[in-house]
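Peer 1: Have a look at this one.
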Amino acid sequence: MPRLEDVLKQGDAARVHELPREGLERLFWKYQGLRKQVERDTAFWQATNETLKTAYERLDEQERELARAYQTIRQDLEIAQQVQHALLPKQFPDMLAQLDLAVHHKQLTEVGGDYYDFFRTRDGHYAIGMFDISGHGVSAALIMAFLKAQFMQTMEQAARPKEIVEWVNQASLGFLREVRRYSTVNFVVFGERAIRYVCGGGYGVLVRGGEIYTFSKGDPFIGLRRRPYTEFELSFDADDLLAMYTDGLVEAKNADGEDYSSRRLNSLIREHAREPVDDILRRCVDDYHEFRRADTDEITLIILRRRVG
Amino acid sequence: MTGDPEPLVHGTLMAGFAQACINLNIVAGPGAAELLADLDVERWYPLRRWFALEQMIGATYQHIDPIRLKLGIEMMSLWYHRGPGHDIIRRGADFLHFQTGSTGIISVIRGPRELVGSFDLREFDAAAGRAVIHSTTPFHRKIESGVLIGGLLAPGDLDYVDVHNDGDPDLLVVEFH
């Protein structure tokens, strides 16, 4: 008579009836054992699946909450973006009568820390300020609003760039230290045939008769320490060109890890200094876009020329 | 006045339970590593640590009994196939004597008798394939049922094993064929 193991191994169902009684009994218990095992496994998997189902439901709910929170943040950011945009300068019509002006300004996210502004000093001269506030996003945008208010207030008190920047630095120092933020400052006041500037970070370059003059920058950032600023003067006559920009542009890297560099930008500006300011600006931005692998910082570039007459 | 000393469980039991949880994916990821971290199979641990482990699993699953049963089975499968079990018992039914003897479950828990309880073989009928165990240990009966099923099935000579209660939660009625 065949053994149960042999019949099962051969898989020949027709031979089952040849099994002895003991073999049939074992077959019965094997079947019952398998049934029990399936029963236990099914109960186990059901228990774990139920928990998985609950976990997925919780996950779904959390995802919905996250989406709602994200939506709120998006809306807040859009409002912040509109506010920041509204804080950027409106050009003075009579300023445009004296200067041809082109601006490229791009924040890294919805809101950011690059800030430029047009002012009119107490004695009626036009001024341009360019600032790069440490950090990015909403916190930097809030500092920008604070600095704008400080400069607006100071314009009523002072006329020279040195006085203006020192005044703002003095007034902002406590607050900026408290929130651990600072800002570069590049502040230019336009005189009749010259500019006077203070440069604590940021970049400035003047092209005059084919020669290039870069801004001397050794002054501290706003919000770091209480120190006198140094004021410089450069001739700026009809047809002369001035460019101001922040570090996001020149510190951008290409695929090989090389900086775009102020040398490259300055020589591009000088090479095309006779062209309309909008064309020079477009050339610079296109060249930057071709060079850089990705934007990693806010970028601001202002190019202006004193009009003839 | 001092209270009763706290019962202790042996590290092998803790590690076996923790490993079974990991094998069955009851606990995964960083939780699994934490479960086994600093578990020394040579040491004795306070019984409350065992309960903390059990509670952690219980808190995760809504229907925990099928999981407890499976954990008990897995623990004994590990003990037999990867531990010393293979050298200790040859046939499934031997496990009943082993587990209810002085080297069985009682050997991995120690402390005052009234807290540690007992695990006694009350009936054993090999021909009928039936045994009755009376358990008063602090372990969950479903885990103990799983341990019995796993231990009896591990040597591979039995075709059928089941454990039920017959109404008394401390009675473990074992059927084996």
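By order of appearance in the structure tokens: chains A, B, ..., then residues from 1 within every chain, and ligands from 1 in the order shown.
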Please identify all residues of chain A having at least one atom at most 10 Å from any atom of chain B, considering only C-alpha atoms, and return them as a ChimeraX atom specification.

Peer 2: /A:25-37,39-52,54-55

Peer 1: Please, could you write that set of residues out with C-alpha atoms as an mmCIF file, in the first residue's frame?

Peer 2:
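Once everything was written out, this is selection.cif:
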```cif
data_model
loop_
_atom_site.group_PDB
_atom_site.id
_atom_site.type_symbol
_atom_site.label_atom_id
_atom_site.label_comp_id
_atom_site.auth_asym_id
_atom_site.auth_seq_id
_atom_site.Cartn_x
_atom_site.Cartn_y
_atom_site.Cartn_z
ATOM 1 C CA GLU A 25 -6.882 9.705 8.633
ATOM 2 C CA ARG A 26 -3.612 11.588 8.278
ATOM 3 C CA LEU A 27 -4.876 13.098 5.061
ATOM 4 C CA PHE A 28 -7.939 14.265 6.957
ATOM 5 C CA TRP A 29 -5.785 15.918 9.662
ATOM 6 C CA LYS A 30 -3.467 17.432 7.122
ATOM 7 C CA TYR A 31 -6.463 19.007 5.492
ATOM 8 C CA GLN A 32 -7.792 20.208 8.864
ATOM 9 C CA GLY A 33 -4.343 21.525 9.764
ATOM 10 C CA LEU A 34 -4.108 23.476 6.528
ATOM 11 C CA ARG A 35 -7.627 24.801 7.042
ATOM 12 C CA LYS A 36 -6.637 25.993 10.542
ATOM 13 C CA GLN A 37 -3.487 27.551 9.218
ATOM 14 C CA GLU A 39 -7.937 30.481 9.203
ATOM 15 C CA ARG A 40 -5.162 31.850 11.452
ATOM 16 C CA ASP A 41 -3.352 33.515 8.551
ATOM 17 C CA THR A 42 -6.571 35.071 7.270
ATOM 18 C CA ALA A 43 -7.379 36.455 10.717
ATOM 19 C CA PHE A 44 -3.825 37.802 10.987
ATOM 20 C CA TRP A 45 -3.897 39.480 7.574
ATOM 21 C CA GLN A 46 -7.355 40.890 8.186
ATOM 22 C CA ALA A 47 -6.140 42.411 11.462
ATOM 23 C CA THR A 48 -3.087 43.948 9.827
ATOM 24 C CA ASN A 49 -5.081 45.081 6.773
ATOM 25 C CA GLU A 50 -7.655 46.805 8.957
ATOM 26 C CA THR A 51 -4.849 48.702 10.631
ATOM 27 C CA LEU A 52 -3.397 49.557 7.256
ATOM 28 C CA THR A 54 -7.123 52.955 9.182
ATOM 29 C CA ALA A 55 -3.591 54.251 8.628
#
```

Peer 1: May I have all residues of stretch 15-82 of chain B that DSSP, computed from the backbone, assigns to alpha helix (DSSP H), given as a ChimeraX atom specification?

Peer 2: /B:15-23,30-36,47-60,65-81

Peer 1: Would you list the contacts of A:Ala80 as an MDAnalysis selection string, taking every protein, DNA or RNA residue within 10 Å and counting only C-alpha atoms, but skipping same-chain residues closer than 5 positions in sequence?

Peer 2: chainID A and resid 74:75 85:86 110:112 137:138 141:142

Peer 1: Store the residues picked out above, limited to N, CA and C atoms, as a PDB file, in the first residue's frame.

Peer 2:
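Resulting contents of again05.pdb:
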```pdb
ATOM      1  N   ARG A  74      -0.253  79.512   0.326  1.00  0.00           N
ATOM      2  CA  ARG A  74      -0.166  80.041  -1.044  1.00  0.00           C
ATOM      3  C   ARG A  74      -0.874  81.392  -1.132  1.00  0.00           C
ATOM      4  N   GLN A  75      -2.084  81.419  -0.542  1.00  0.00           N
ATOM      5  CA  GLN A  75      -2.851  82.673  -0.609  1.00  0.00           C
ATOM      6  C   GLN A  75      -2.107  83.787   0.132  1.00  0.00           C
ATOM      7  N   HIS A  85       5.270  93.874  -4.218  1.00  0.00           N
ATOM      8  CA  HIS A  85       5.290  94.509  -5.534  1.00  0.00           C
ATOM      9  C   HIS A  85       4.857  95.970  -5.413  1.00  0.00           C
ATOM     10  N   ALA A  86       3.846  96.177  -4.576  1.00  0.00           N
ATOM     11  CA  ALA A  86       3.341  97.548  -4.390  1.00  0.00           C
ATOM     12  C   ALA A  86       4.372  98.427  -3.688  1.00  0.00           C
ATOM     13  N   GLU A 110       8.135  83.702  -4.202  1.00  0.00           N
ATOM     14  CA  GLU A 110       7.080  84.716  -4.365  1.00  0.00           C
ATOM     15  C   GLU A 110       7.539  86.069  -3.825  1.00  0.00           C
ATOM     16  N   VAL A 111       8.162  86.034  -2.664  1.00  0.00           N
ATOM     17  CA  VAL A 111       8.689  87.273  -2.095  1.00  0.00           C
ATOM     18  C   VAL A 111      10.154  87.038  -1.747  1.00  0.00           C
ATOM     19  N   GLY A 112      10.916  88.128  -1.663  1.00  0.00           N
ATOM     20  CA  GLY A 112      12.348  87.923  -1.422  1.00  0.00           C
ATOM     21  C   GLY A 112      13.016  89.123  -0.811  1.00  0.00           C
ATOM     22  N   GLY A 137      12.558  85.016   1.254  1.00  0.00           N
ATOM     23  CA  GLY A 137      11.164  84.784   1.605  1.00  0.00           C
ATOM     24  C   GLY A 137      10.534  85.900   2.418  1.00  0.00           C
ATOM     25  N   VAL A 138       9.495  85.482   3.168  1.00  0.00           N
ATOM     26  CA  VAL A 138       8.647  86.456   3.853  1.00  0.00           C
ATOM     27  C   VAL A 138       9.443  87.289   4.863  1.00  0.00           C
ATOM     28  N   ALA A 141      11.222  89.954   3.147  1.00  0.00           N
ATOM     29  CA  ALA A 141      10.271  90.945   2.623  1.00  0.00           C
ATOM     30  C   ALA A 141       9.797  91.887   3.730  1.00  0.00           C
ATOM     31  N   LEU A 142       9.640  91.339   4.937  1.00  0.00           N
ATOM     32  CA  LEU A 142       9.221  92.184   6.062  1.00  0.00           C
ATOM     33  C   LEU A 142      10.312  93.202   6.389  1.00  0.00           C
TER      34      LEU A 142
END
```

Peer 1: Residues at most 8 Å from B:Ile149, counting only C-alpha atoms, excluding those fewer than 2 positions away in the same chain, as a list in words?

Peer 2: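 Residues near the query, excluding close chain neighbours: Gly72, Ile73, Ser145, Gly146, Val147, Gly151, Leu152, Leu153, Val161, Asp162 and Val163 of chain B.
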
Peer 1: Stretch 243-246 of chain A: which residues within 9 Å, counting only C-alpha atoms, same-chain residues fewer than 5 positions away excluded, as number ranges by chain?

Peer 2: A: 114, 130-132, 184, 186, 201-207, 266, 269, 298-305

Peer 1: Would you export the selected residues with N, CA and C atoms as a tab-separated table (two decimals), in the first residue's frame, please?

Peer 2:
```tsv
chain	number	residue	atom	x	y	z
A	114	ASP	N	15.75	91.01	-2.23
A	114	ASP	CA	16.35	92.08	-3.04
A	114	ASP	C	15.36	93.24	-3.09
A	130	MET	N	19.82	100.43	-3.56
A	130	MET	CA	19.69	98.99	-3.87
A	130	MET	C	20.16	98.21	-2.66
A	131	PHE	N	19.37	97.22	-2.25
A	131	PHE	CA	19.63	96.51	-1.00
A	131	PHE	C	19.45	95.01	-1.21
A	132	ASP	N	20.26	94.26	-0.53
A	132	ASP	CA	20.10	92.79	-0.54
A	132	ASP	C	20.01	92.36	0.92
A	184	THR	N	22.77	94.67	2.60
A	184	THR	CA	23.77	95.45	1.86
A	184	THR	C	23.12	96.79	1.49
A	186	ASN	N	23.56	100.10	-1.31
A	186	ASN	CA	24.23	100.77	-2.42
A	186	ASN	C	23.35	101.97	-2.73
A	201	GLY	N	28.43	96.84	0.31
A	201	GLY	CA	27.93	95.62	-0.35
A	201	GLY	C	27.19	96.00	-1.61
A	202	GLY	N	26.95	95.02	-2.46
A	202	GLY	CA	26.32	95.32	-3.74
A	202	GLY	C	27.37	95.83	-4.72
A	203	TYR	N	26.95	96.08	-5.93
A	203	TYR	CA	27.90	96.46	-6.98
A	203	TYR	C	27.41	97.68	-7.75
A	204	GLY	N	28.36	98.53	-8.12
A	204	GLY	CA	28.04	99.66	-8.96
A	204	GLY	C	29.17	99.87	-9.96
A	205	VAL	N	28.79	100.22	-11.19
A	205	VAL	CA	29.81	100.45	-12.21
A	205	VAL	C	29.35	101.61	-13.10
A	206	LEU	N	30.27	102.51	-13.37
A	206	LEU	CA	29.94	103.68	-14.19
A	206	LEU	C	30.80	103.64	-15.44
A	207	VAL	N	30.16	103.83	-16.60
A	207	VAL	CA	30.93	103.85	-17.85
A	207	VAL	C	30.87	105.28	-18.39
A	266	ASN	N	30.60	93.39	-16.10
A	266	ASN	CA	31.09	94.76	-16.34
A	266	ASN	C	31.61	94.92	-17.77
A	269	ILE	N	28.74	95.21	-20.13
A	269	ILE	CA	28.11	96.53	-20.03
A	269	ILE	C	28.97	97.56	-20.78
A	298	GLU	N	18.07	85.96	-5.30
A	298	GLU	CA	17.36	87.04	-5.99
A	298	GLU	C	18.36	87.81	-6.86
A	299	ILE	N	17.85	88.35	-7.96
A	299	ILE	CA	18.75	89.18	-8.78
A	299	ILE	C	18.09	90.51	-9.12
A	300	THR	N	18.88	91.56	-9.03
A	300	THR	CA	18.40	92.89	-9.41
A	300	THR	C	19.51	93.58	-10.20
A	301	LEU	N	19.13	94.13	-11.33
A	301	LEU	CA	20.07	94.87	-12.17
A	301	LEU	C	19.37	96.14	-12.67
A	302	ILE	N	19.98	97.26	-12.40
A	302	ILE	CA	19.43	98.54	-12.89
A	302	ILE	C	20.49	99.18	-13.79
A	303	ILE	N	20.06	99.58	-14.97
A	303	ILE	CA	20.98	100.30	-15.87
A	303	ILE	C	20.34	101.65	-16.21
A	304	LEU	N	21.12	102.72	-16.10
A	304	LEU	CA	20.55	104.03	-16.41
A	304	LEU	C	21.60	104.92	-17.09
A	305	ARG	N	21.08	105.81	-17.86
A	305	ARG	CA	21.96	106.73	-18.59
A	305	ARG	C	21.42	108.14	-18.42
```

Peer 1: Quick one: DSSP strand (DSSP E or B) residues in chain B, as number ranges by chain?

Peer 2: B: 8-10, 44-46, 109-110, 119-125, 130-135, 161-164, 171-176

Peer 1: Which neighbours of B:Trp50 fall inside 10 Å, counting only C-alpha atoms, when residues of the same chain fewer than 5 positions from it are skipped, and could you give them as number ranges by chain?

Peer 2: B: 8-11, 13-14, 17-18, 45, 55-56, 139

Peer 1: Would you please work out which residue, of A:Tyr56, A:Glu22, A:Leu108, A:Lys148, is nearest to A:Leu4 when using only C-alpha atoms?

Peer 2: A:Glu22

Peer 1: Could you list, as a list in words, every residue within 12 Å of B:Ile22, counting only C-alpha atoms and ignoring same-chain residues fewer than 2 positions away?

Peer 2: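 Counting only C-alpha atoms, the residues come to Ala15, Gly16, Phe17, Ala18, Gln19, Ala20, Leu24, Asn25, Ile26, Val27, Ala28, Gly29, Pro30, Gly31, Ala32, Ala33, Glu34, Leu35, Leu36, Ile57, Leu71, Glu74, Met75 and Leu78 of chain B.
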
Peer 1: Rank A:Val198, A:Val185, A:Ala14, A:Ile143 by their smallest atom-to-atom distance to A:Lys162, using only C-alpha atoms, and report the top residue only.

Peer 2: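 Among the listed residues, A:Val198 lies closest to A:Lys162.
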